[in-house]
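Notes to accompany the following structure.
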Amino acid sequence: MQIKPRQHLLDMWQAFARHSFDGGAWSWGDHGGHSSVADAERLLCLLYPATEIPALRLDAPDTTEPDVLRALRNVGDSGDIPLRLLEILGDFMDRHRSEDGPGFAGGDYFAPEDPDRELSPEQRGVDVVDSYSMSVSLCLATLHFCRVFRGRTRRASTLARIERLVQDAGARLTAAMVGLLRSFTVDVVDISSDQGQALARLLGRGRLSDRQVLQRFQRRFTSLRALITESIRLGLDADVRDQLRDENRLFECGWAWTVVKGAPEIELDPETAAAVGAQPRGLAHPTPYLHFTVVALDGIIDLFSERTLVLGLLTAEQQKLSDALRLRWELTQQYWSGIALFDDGVWPLEDIPWRTTLQRLESEYFSLTVVSVLVHDRMRRPFTDHDLPRVIGVVERLAERGGITGGAGRDPAHSLHKPGVTMPLLGSEALGPAMTWTMNDFSTQLLKRTVQLCCLSRDITSTDRLLRLAEGILDHVWGRRITEGEGVGLWDHVPLARTSRPVGRGPLSWGITERVAECMVAAHHLYSRLPIPSPRLSEQARDLISEARHLLGREQEGHPPPAPKSPQDEEIKRIEADLRRARNLVEAQPGTACALAARVMERLDALARARGV
């Protein structure tokens, strides 16, 4: 299935509008329960592509494209759509705000570890990193939308609504950034402990002794350890810094599932602190989770995107918080990339499935999360020609083992997809029954990372290999759309078995739907770049252009110039223009340059034949 981001997103938007606007009125419904995560995911299905892809923009009514209006006709016309968005976004900000400030509750996304027990409202109201991260992306998209729409309207009431939404989104953004800062953790472990032994086995893979693992760990992470230890901006506890200085200890860094127990409050200026409200007390065990680490990285990167910087979406206080998060973002990527590629012979990443340390879980999903961190890291430091094919091999194996592209012959409805991978949330037992979190977005995460790897590739063979894989994954993902009942055209329906006739009804998941939208935005960025130039085609294009230039010169030298504005004169001018364009495209698009030069020679030959030459 060819990836067509614009068409796929418009199909999604049409289904989104049909489902969400009943008789023209917005309805939150109960899919995902009362969860700030589900509501943010739902709004990002619409707002994220609209602010990332210029052709799909909704903030300038006079420039809204006709196909966009057709897809969103259930919402209204070009003037109604931005007003409806203002109303819905404002409702979201109110819906997830209490007297204590903006709320980031996991809600019904939390589940009890013991199915016979019920979670208390207090437990369901606990903040979660997924909500922090989603709120960063949603609030930045909201601020972008408001910034542009404010310049397109003069109605006082609309301007007042925009101003209130900007204030609410700004306060929620700050609160989400504070939550992410307080959820970051560095966990120092002794190699003799159970957790240390699990990490040693992961790195040594049964071939290295504990001492050898420790020595290699010291060499690889000496500078990173020193940076973490000496960085005052990380705000680490003095005991943790002292433990880090002991090079006979291992460590992990990343994000816990919520604010870490004992995490200090972030100092804010009085006005900002009043808008943000009370900072929740920490609850999570100070151990990083791969899933929540990747979720945090995905949101944080939006803080220093080109859009955020060019539009100046952050206040001075938010910029300080962004700088602090960027430091953690960079440290985390360096650490997990080093862990993934720890042994040059056979990477730990290539030993599928990945095994977590403290929770002692293993799954292809965790292998995929490590790939995700590696992709983030290589956005700044390109892959080598040797490394990229090995990473592609890992991704291809994950697609097979996940029952997506065949090969392994596993049922596509196995536990990776339905019900998904479940993790215990360490520390949650302090409030009642132990809680869990389930991830069922393996397919969409795999598609997104495959497309992002395409963007990072500068090799034609690797890019073609990745594109074929991405199209195969999209076949699987597109087959999971709901085809009957409520939520038609949205996600997520998992077929019962590869060989059975799929049943089109299924529970609507805003999480999977939003991640499909992320995949399409990533594909848009892929197609927005120039194709990878082929050195062989560049050489061929130069040869063709050289011959075409010579033939044009002979044509002009051997015959009188045609009369001005005659058909022959216009044809020669077009030939000259095509030849100039071919010369300009030799380096960037050599294939196009070859085609233009060949066409020029064909037209010059037609002129020669017309003269009987």
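Just so we're on the same page: first chain in the structure tokens is A, next is B, and so on; residues restart at 1 for each chain, and ligands are numbered from 1 in the order they show up.
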
As a PDB file with C-alpha atoms, in the first residue's frame, please: the residues near A:Arg380 (cut-off 12 Å, only C-alpha atoms, same-chain neighbours under 4 positions excluded).
ATOM      1  CA  ILE A 301      11.459  17.431  20.763  1.00  0.00           C
ATOM      2  CA  TRP A 329      16.712  14.712  26.361  1.00  0.00           C
ATOM      3  CA  GLU A 330      20.322  14.682  25.156  1.00  0.00           C
ATOM      4  CA  GLN A 333      19.574   9.577  24.103  1.00  0.00           C
ATOM      5  CA  GLN A 334      23.316   9.261  24.585  1.00  0.00           C
ATOM      6  CA  VAL A 373      15.591   6.214  21.214  1.00  0.00           C
ATOM      7  CA  LEU A 374      18.276   5.397  18.657  1.00  0.00           C
ATOM      8  CA  VAL A 375      16.255   7.145  15.935  1.00  0.00           C
ATOM      9  CA  HIS A 376      15.951  10.235  18.155  1.00  0.00           C
ATOM     10  CA  LEU A 456      17.591   9.706   8.078  1.00  0.00           C
TER      11      LEU A 456
END

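Residues in contact range of A:Glu547, defined as at most 12 Å between only C-alpha atoms, with sequence neighbours fewer than 6 positions away removed, read Gln540, Ala541, Gly553, Arg554, Leu579, Cys594, Ala597, Ala598, Val600, Met601, Glu602, Leu604 and Asp605 of chain A.
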
What does the file look like for those residues with C-alpha atoms, as a PDB file, in the first residue's frame?
ATOM      1  CA  GLN A 540      24.873  10.244 -16.938  1.00  0.00           C
ATOM      2  CA  ALA A 541      22.939  13.517 -16.663  1.00  0.00           C
ATOM      3  CA  GLY A 553      24.374  25.104 -30.436  1.00  0.00           C
ATOM      4  CA  ARG A 554      24.581  23.376 -33.822  1.00  0.00           C
ATOM      5  CA  LEU A 579      18.230  22.728 -20.626  1.00  0.00           C
ATOM      6  CA  CYS A 594      18.408  13.046 -17.341  1.00  0.00           C
ATOM      7  CA  ALA A 597      18.065  16.454 -21.252  1.00  0.00           C
ATOM      8  CA  ALA A 598      16.683  13.418 -23.105  1.00  0.00           C
ATOM      9  CA  VAL A 600      15.551  18.295 -25.200  1.00  0.00           C
ATOM     10  CA  MET A 601      17.483  15.971 -27.522  1.00  0.00           C
ATOM     11  CA  GLU A 602      14.258  14.381 -28.745  1.00  0.00           C
ATOM     12  CA  LEU A 604      16.067  18.920 -31.298  1.00  0.00           C
ATOM     13  CA  ASP A 605      16.057  15.712 -33.333  1.00  0.00           C
TER      14      ASP A 605
END

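Omitting A:Pro286 and its sequence neighbours fewer than 5 positions away, and counting only C-alpha atoms, the residues within 12 Å are Arg182, Ser183, Phe184, Thr185, Val186, Asp187, Val188, Val189, Leu236, Asp237, Val240, Phe251, Glu252, Cys253, Gly254, Trp255, Ala256, Trp257, Thr258, Val259, Val260, Lys261, Gly262, Ala263, Leu358, Leu425, Leu426 and Gly427 of chain A.
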
Any chance you can output those residues with C-alpha atoms as a PDB file, in the first residue's frame?
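Wrote it out as again04.pdb, contents follow:
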ATOM      1  CA  ARG A 182      10.119  16.031  38.026  1.00  0.00           C
ATOM      2  CA  SER A 183       9.555  12.620  36.385  1.00  0.00           C
ATOM      3  CA  PHE A 184      13.135  12.341  35.121  1.00  0.00           C
ATOM      4  CA  THR A 185      15.328  10.044  37.170  1.00  0.00           C
ATOM      5  CA  VAL A 186      18.822   8.580  37.399  1.00  0.00           C
ATOM      6  CA  ASP A 187      18.930   5.156  39.039  1.00  0.00           C
ATOM      7  CA  VAL A 188      22.330   3.979  40.328  1.00  0.00           C
ATOM      8  CA  VAL A 189      22.641   0.222  40.941  1.00  0.00           C
ATOM      9  CA  LEU A 236      19.949  15.343  41.524  1.00  0.00           C
ATOM     10  CA  ASP A 237      19.950  14.355  45.179  1.00  0.00           C
ATOM     11  CA  VAL A 240      22.674   9.982  43.974  1.00  0.00           C
ATOM     12  CA  PHE A 251      23.280   3.420  36.290  1.00  0.00           C
ATOM     13  CA  GLU A 252      20.216   4.045  34.137  1.00  0.00           C
ATOM     14  CA  CYS A 253      18.528   7.338  33.250  1.00  0.00           C
ATOM     15  CA  GLY A 254      15.206   8.309  31.714  1.00  0.00           C
ATOM     16  CA  TRP A 255      11.624   8.900  32.740  1.00  0.00           C
ATOM     17  CA  ALA A 256       9.532   7.153  35.371  1.00  0.00           C
ATOM     18  CA  TRP A 257       5.779   6.764  34.831  1.00  0.00           C
ATOM     19  CA  THR A 258       4.889   9.847  36.906  1.00  0.00           C
ATOM     20  CA  VAL A 259       6.598  12.313  39.248  1.00  0.00           C
ATOM     21  CA  VAL A 260       9.339  10.511  41.141  1.00  0.00           C
ATOM     22  CA  LYS A 261       8.960  10.068  44.885  1.00  0.00           C
ATOM     23  CA  GLY A 262      10.925  12.776  46.667  1.00  0.00           C
ATOM     24  CA  ALA A 263      11.355  14.903  43.517  1.00  0.00           C
ATOM     25  CA  LEU A 358      14.094  -3.889  37.438  1.00  0.00           C
ATOM     26  CA  LEU A 425       3.706   0.928  37.758  1.00  0.00           C
ATOM     27  CA  LEU A 426       6.136   0.738  40.648  1.00  0.00           C
ATOM     28  CA  GLY A 427       5.137   2.982  43.527  1.00  0.00           C
TER      29      GLY A 427
END

As a PyMOL selection string, which residues of stretch 9-38 of chain A does DSSP assign to strand (DSSP E or B)? chain A and resi 21-22+25-26

Please dump the current selection as an mmCIF file, in the first residue's frame; keep N, CA and C atoms.
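Result file selection30.cif:
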data_model
loop_
_atom_site.group_PDB
_atom_site.id
_atom_site.type_symbol
_atom_site.label_atom_id
_atom_site.label_comp_id
_atom_site.auth_asym_id
_atom_site.auth_seq_id
_atom_site.Cartn_x
_atom_site.Cartn_y
_atom_site.Cartn_z
ATOM 1 N N PHE A 21 -18.770 14.910 15.603
ATOM 2 C CA PHE A 21 -19.744 15.998 15.494
ATOM 3 C C PHE A 21 -21.098 15.404 15.141
ATOM 4 N N ASP A 22 -21.890 15.181 16.162
ATOM 5 C CA ASP A 22 -23.221 14.604 15.991
ATOM 6 C C ASP A 22 -24.213 15.741 15.761
ATOM 7 N N ALA A 25 -22.720 19.210 16.552
ATOM 8 C CA ALA A 25 -22.309 19.518 17.927
ATOM 9 C C ALA A 25 -21.239 18.531 18.369
ATOM 10 N N TRP A 26 -20.190 19.049 19.010
ATOM 11 C CA TRP A 26 -19.093 18.219 19.476
ATOM 12 C C TRP A 26 -19.541 17.337 20.635
#

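With only C-alpha atoms as the basis for measurement, A:Thr174 is the residue among A:Thr158, A:Thr174, A:Thr51, A:Gln279 that approaches A:Glu317 most closely.
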
Would you pick out the contacts of A:Leu474 at 9 Å or less, using only C-alpha atoms, so that residues sharing its chain but fewer than 5 positions from it are not included, and give the list as a PyMOL selection string? chain A and resi 1-3+443-444+447+469+479

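Taking only C-alpha atoms, the non-local environment of stretch 101-114 of chain A within 6 Å (same-chain residues fewer than 6 positions away omitted) comprises Gly33, His34, Ser35, Ser36, Arg124, Gly125, Val126, Asp127, Val128, Ser131, Arg172, Val276, Gly277, Ala434, Met435, Thr436 and Trp437 of chain A.
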
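Take the candidates A:Val516, A:Ala470, A:Leu165, A:Ile228 and check each one against A:Leu46 using only C-alpha atoms; the shortest distance goes to A:Val516.
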
As a PyMOL selection string, list the residues of stretch 411-585 of chain A assigned to helix (DSSP H, G or I) by DSSP on the backbone atoms of this structure. chain A and resi 428-430+442-456+460-478+510-528+535-558+567-584

Could you write out that same residue set with C-alpha atoms as an mmCIF file, in the first residue's frame?
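Below you can see again19.cif, which holds the result:
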data_model
loop_
_atom_site.group_PDB
_atom_site.id
_atom_site.type_symbol
_atom_site.label_atom_id
_atom_site.label_comp_id
_atom_site.auth_asym_id
_atom_site.auth_seq_id
_atom_site.Cartn_x
_atom_site.Cartn_y
_atom_site.Cartn_z
ATOM 1 C CA SER A 428 1.435 3.016 42.687
ATOM 2 C CA GLU A 429 0.737 0.542 45.502
ATOM 3 C CA ALA A 430 1.231 3.391 47.978
ATOM 4 C CA PHE A 442 3.406 -1.755 18.425
ATOM 5 C CA SER A 443 2.331 -1.564 14.759
ATOM 6 C CA THR A 444 1.968 2.215 14.573
ATOM 7 C CA GLN A 445 5.182 2.804 16.508
ATOM 8 C CA LEU A 446 6.998 0.459 14.124
ATOM 9 C CA LEU A 447 5.571 2.303 11.121
ATOM 10 C CA LYS A 448 6.569 5.705 12.512
ATOM 11 C CA ARG A 449 10.141 4.648 13.273
ATOM 12 C CA THR A 450 10.492 3.002 9.852
ATOM 13 C CA VAL A 451 9.391 6.205 8.115
ATOM 14 C CA GLN A 452 11.730 8.268 10.313
ATOM 15 C CA LEU A 453 14.598 5.960 9.409
ATOM 16 C CA CYS A 454 13.753 6.676 5.753
ATOM 17 C CA CYS A 455 14.184 10.378 6.523
ATOM 18 C CA LEU A 456 17.591 9.706 8.078
ATOM 19 C CA ILE A 460 19.235 4.659 -2.073
ATOM 20 C CA THR A 461 19.311 0.933 -1.343
ATOM 21 C CA SER A 462 18.544 1.406 2.369
ATOM 22 C CA THR A 463 15.784 3.900 1.616
ATOM 23 C CA ASP A 464 14.114 1.560 -0.862
ATOM 24 C CA ARG A 465 14.342 -1.274 1.663
ATOM 25 C CA LEU A 466 12.751 0.873 4.365
ATOM 26 C CA LEU A 467 9.990 2.169 2.077
ATOM 27 C CA ARG A 468 8.984 -1.369 1.109
ATOM 28 C CA LEU A 469 8.879 -2.298 4.781
ATOM 29 C CA ALA A 470 6.843 0.813 5.663
ATOM 30 C CA GLU A 471 4.312 0.015 2.935
ATOM 31 C CA GLY A 472 3.973 -3.528 4.279
ATOM 32 C CA ILE A 473 3.393 -2.246 7.815
ATOM 33 C CA LEU A 474 0.836 0.264 6.507
ATOM 34 C CA ASP A 475 -1.072 -2.630 4.920
ATOM 35 C CA HIS A 476 -1.390 -4.162 8.376
ATOM 36 C CA VAL A 477 -2.259 -0.861 10.088
ATOM 37 C CA TRP A 478 -4.838 0.123 7.471
ATOM 38 C CA TRP A 510 -7.846 7.429 20.130
ATOM 39 C CA GLY A 511 -4.312 6.381 21.051
ATOM 40 C CA ILE A 512 -3.880 4.228 17.926
ATOM 41 C CA THR A 513 -5.699 6.764 15.747
ATOM 42 C CA GLU A 514 -3.452 9.590 16.939
ATOM 43 C CA ARG A 515 -0.334 7.515 16.276
ATOM 44 C CA VAL A 516 -1.489 6.854 12.725
ATOM 45 C CA ALA A 517 -1.717 10.639 12.340
ATOM 46 C CA GLU A 518 1.864 10.931 13.647
ATOM 47 C CA CYS A 519 2.960 8.366 11.054
ATOM 48 C CA MET A 520 1.382 10.373 8.257
ATOM 49 C CA VAL A 521 3.029 13.596 9.448
ATOM 50 C CA ALA A 522 6.374 11.755 9.469
ATOM 51 C CA ALA A 523 5.655 10.564 5.907
ATOM 52 C CA HIS A 524 4.877 14.147 4.886
ATOM 53 C CA HIS A 525 8.301 15.221 6.177
ATOM 54 C CA LEU A 526 9.850 12.352 4.212
ATOM 55 C CA TYR A 527 8.249 13.436 0.939
ATOM 56 C CA SER A 528 9.053 17.090 1.631
ATOM 57 C CA PRO A 535 26.142 9.518 -8.386
ATOM 58 C CA ARG A 536 25.719 7.250 -11.422
ATOM 59 C CA LEU A 537 22.727 9.242 -12.653
ATOM 60 C CA SER A 538 24.555 12.523 -12.023
ATOM 61 C CA GLU A 539 27.362 11.405 -14.312
ATOM 62 C CA GLN A 540 24.873 10.244 -16.938
ATOM 63 C CA ALA A 541 22.939 13.517 -16.663
ATOM 64 C CA ARG A 542 26.110 15.554 -17.294
ATOM 65 C CA ASP A 543 26.842 13.496 -20.387
ATOM 66 C CA LEU A 544 23.291 13.958 -21.707
ATOM 67 C CA ILE A 545 23.323 17.688 -20.996
ATOM 68 C CA SER A 546 26.676 18.056 -22.722
ATOM 69 C CA GLU A 547 25.347 16.376 -25.865
ATOM 70 C CA ALA A 548 22.101 18.375 -25.716
ATOM 71 C CA ARG A 549 23.980 21.671 -25.369
ATOM 72 C CA HIS A 550 26.100 20.779 -28.376
ATOM 73 C CA LEU A 551 23.076 19.854 -30.495
ATOM 74 C CA LEU A 552 21.307 23.083 -29.515
ATOM 75 C CA GLY A 553 24.374 25.104 -30.436
ATOM 76 C CA ARG A 554 24.581 23.376 -33.822
ATOM 77 C CA GLU A 555 20.884 24.031 -34.417
ATOM 78 C CA GLN A 556 21.284 27.724 -33.639
ATOM 79 C CA GLU A 557 24.544 28.040 -35.580
ATOM 80 C CA GLY A 558 23.448 26.168 -38.698
ATOM 81 C CA PRO A 567 6.173 28.835 -33.058
ATOM 82 C CA GLN A 568 9.788 27.939 -33.872
ATOM 83 C CA ASP A 569 11.088 30.795 -31.684
ATOM 84 C CA GLU A 570 8.878 29.721 -28.760
ATOM 85 C CA GLU A 571 10.032 26.121 -29.125
ATOM 86 C CA ILE A 572 13.722 27.111 -29.029
ATOM 87 C CA LYS A 573 13.075 29.206 -25.909
ATOM 88 C CA ARG A 574 11.369 26.268 -24.230
ATOM 89 C CA ILE A 575 14.272 24.022 -25.127
ATOM 90 C CA GLU A 576 16.742 26.525 -23.667
ATOM 91 C CA ALA A 577 14.675 26.795 -20.464
ATOM 92 C CA ASP A 578 14.494 23.000 -20.071
ATOM 93 C CA LEU A 579 18.230 22.728 -20.626
ATOM 94 C CA ARG A 580 18.947 25.381 -17.987
ATOM 95 C CA ARG A 581 16.682 23.559 -15.535
ATOM 96 C CA ALA A 582 18.414 20.268 -16.272
ATOM 97 C CA ARG A 583 21.794 21.856 -15.508
ATOM 98 C CA ASN A 584 20.438 23.255 -12.212
#

Which residue gives the smallest distance to A:Ile339 among A:Arg529, A:Arg397, A:Arg220, A:Arg603, with only C-alpha atoms counted? A:Arg220

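When only C-alpha atoms are used to compute distances to A:Trp354, the closest of the residues A:Val494, A:Glu306, A:Leu202, A:Val391 turns out to be A:Leu202.
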